[in-house]
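Report on the following structure.
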Amino acid sequence: MKEKNFKILTIENKSEEKFLRRKTSDFDFEKFSKKEIRDLCQEMRSEMLKAKGIGLSANQIGYDFKMFVAGLPDKNGITKFFYVFNPKIEKTSKEKEFLEEGCLSVPEIFGEVERFKKVAVSGQDKNGKYIKIEAKGLLARVFQHEADHLNGILFIDKAKNLRKFRDNEEAISLREIPRSGRI
């Protein structure tokens, strides 16, 4: 992996949006050294935190492979980070709920998205070892959001009641956002 100047891709740039809407390839552990994988995890974590995000998929920073990082604080305020390669949502709860979401690749836009309350995600850790994570609540939502990213789906494709927030302004309702997500 080459040194990369990380930048989060957004739908504001049409070629970046086109890339974000493509389904990503499987991550091939044979093509990367352990150091490259460790560096990728550290850089993605750093970029996510710098952007004040709680999840970031590899394609959001220009990589065409299935990998994401997620980080949420526990009840003691200590953030636990998850690095998932080749994720698959294996199981979902019957229960769903609508909650507001935003996205680092869709600046200033928020909307209500229906997602499963609980999921089981399988994949590989940064050493290529098989993992299965059962998640509920916000972590389950983040996993679903990032898995969608890796399949070329943006939250605005599923959201209702989309709103745009501008600096120090109230939300502006976006009644006619095309389902293609072009804003």
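Numbering starts fresh at 1 for the residues of each chain in the structure tokens, the chains themselves are lettered A, B, ... in the order given, and ligands are numbered from 1 as they appear.
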Excluding Glu95 in chain A and its own-chain neighbours fewer than 5 positions away, which residues fall within 8 Å of it when counting only C-alpha atoms? Please give them as a VMD selection string.
chain A and resid 116 to 118
Put those residues in a file: N, CA and C atoms, as an mmCIF file, in the first residue's frame.
```cif
data_model
loop_
_atom_site.group_PDB
_atom_site.id
_atom_site.type_symbol
_atom_site.label_atom_id
_atom_site.label_comp_id
_atom_site.auth_asym_id
_atom_site.auth_seq_id
_atom_site.Cartn_x
_atom_site.Cartn_y
_atom_site.Cartn_z
ATOM 1 N N PHE A 116 -32.257 -2.464 11.499
ATOM 2 C CA PHE A 116 -32.479 -3.500 12.492
ATOM 3 C C PHE A 116 -31.868 -3.078 13.827
ATOM 4 N N LYS A 117 -32.531 -3.436 14.929
ATOM 5 C CA LYS A 117 -32.026 -3.098 16.258
ATOM 6 C C LYS A 117 -30.810 -3.928 16.638
ATOM 7 N N LYS A 118 -30.744 -5.166 16.130
ATOM 8 C CA LYS A 118 -29.627 -6.059 16.440
ATOM 9 C C LYS A 118 -29.151 -6.739 15.167
#
```
Considering only helix (DSSP H, G or I) as DSSP defines it on the backbone, what residues of range 6-179 of chain A qualify? List them as a PyMOL selection string.
chain A and resi 14-20+29-31+34-50+58-61+137-150+155-157
Which of range 120-160 of chain A end up as strand (DSSP E or B) when DSSP is run on this backbone - answer as a list in words?
Ala120, Val121, Ser122, Gly123, Gln124, Tyr130, Ile131, Lys132, Ile133, Glu134, Ala135, Lys136 and Lys160 of chain A
Just write the chosen residues, C-alpha atoms, as a PDB file, in the first residue's frame.
```
ATOM      1  CA  ALA A 120     -24.606 -10.355  13.838  1.00  0.00           C
ATOM      2  CA  VAL A 121     -21.704  -9.429  11.579  1.00  0.00           C
ATOM      3  CA  SER A 122     -19.038 -11.855  10.423  1.00  0.00           C
ATOM      4  CA  GLY A 123     -15.770 -10.993   8.761  1.00  0.00           C
ATOM      5  CA  GLN A 124     -12.075 -10.964   9.492  1.00  0.00           C
ATOM      6  CA  TYR A 130     -12.494 -15.056  11.303  1.00  0.00           C
ATOM      7  CA  ILE A 131     -14.643 -12.981  13.683  1.00  0.00           C
ATOM      8  CA  LYS A 132     -18.333 -12.715  14.501  1.00  0.00           C
ATOM      9  CA  ILE A 133     -19.679  -9.713  16.371  1.00  0.00           C
ATOM     10  CA  GLU A 134     -23.165  -9.413  17.806  1.00  0.00           C
ATOM     11  CA  ALA A 135     -24.192  -5.788  18.029  1.00  0.00           C
ATOM     12  CA  LYS A 136     -27.240  -3.911  19.228  1.00  0.00           C
ATOM     13  CA  LYS A 160     -36.924   9.784   5.099  1.00  0.00           C
TER      14      LYS A 160
END
```
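CA of Gly62 in chain A is positioned 8.4 Å from CA of Glu16 in chain A.
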Quick one: of A:Leu104, A:Ile37, A:Leu139, A:Leu99, who's nearest to Ala159 in chain A, counting only C-alpha atoms?
A:Leu99
Looking at A:Met67, A:Cys103, A:Ile54, A:Val119, which one is nearest to Pro87 in chain A, with distances taken over only C-alpha atoms?
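Looking at the shortest contact to Pro87 in chain A, the residue is A:Met67.
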Give me, as a list in words, all polymer residues having an atom no more than 6 Å from Val69 in chain A, counting only C-alpha atoms and skipping those fewer than 2 positions away in the same chain.
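Counting only the stated atoms, we get Gly55, Leu56, Phe82 and Tyr83 of chain A.
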Pairwise distance for CA of Gly53 in chain A and CA of Ala70 in chain A, rounded to one decimal in Å:
8.6 Å
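Picture a line from CA of Phe65 in chain A to CA of Ile156 in chain A; it runs 21.6 Å.
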Of the candidates A:Phe32, A:Phe27, A:Phe85, A:Phe19, which shows the shortest atom-to-atom distance to Asp125 in chain A, using only C-alpha atoms?
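Of A:Phe32, A:Phe27, A:Phe85, A:Phe19, the one nearest Asp125 in chain A, counting only C-alpha atoms, is A:Phe85.
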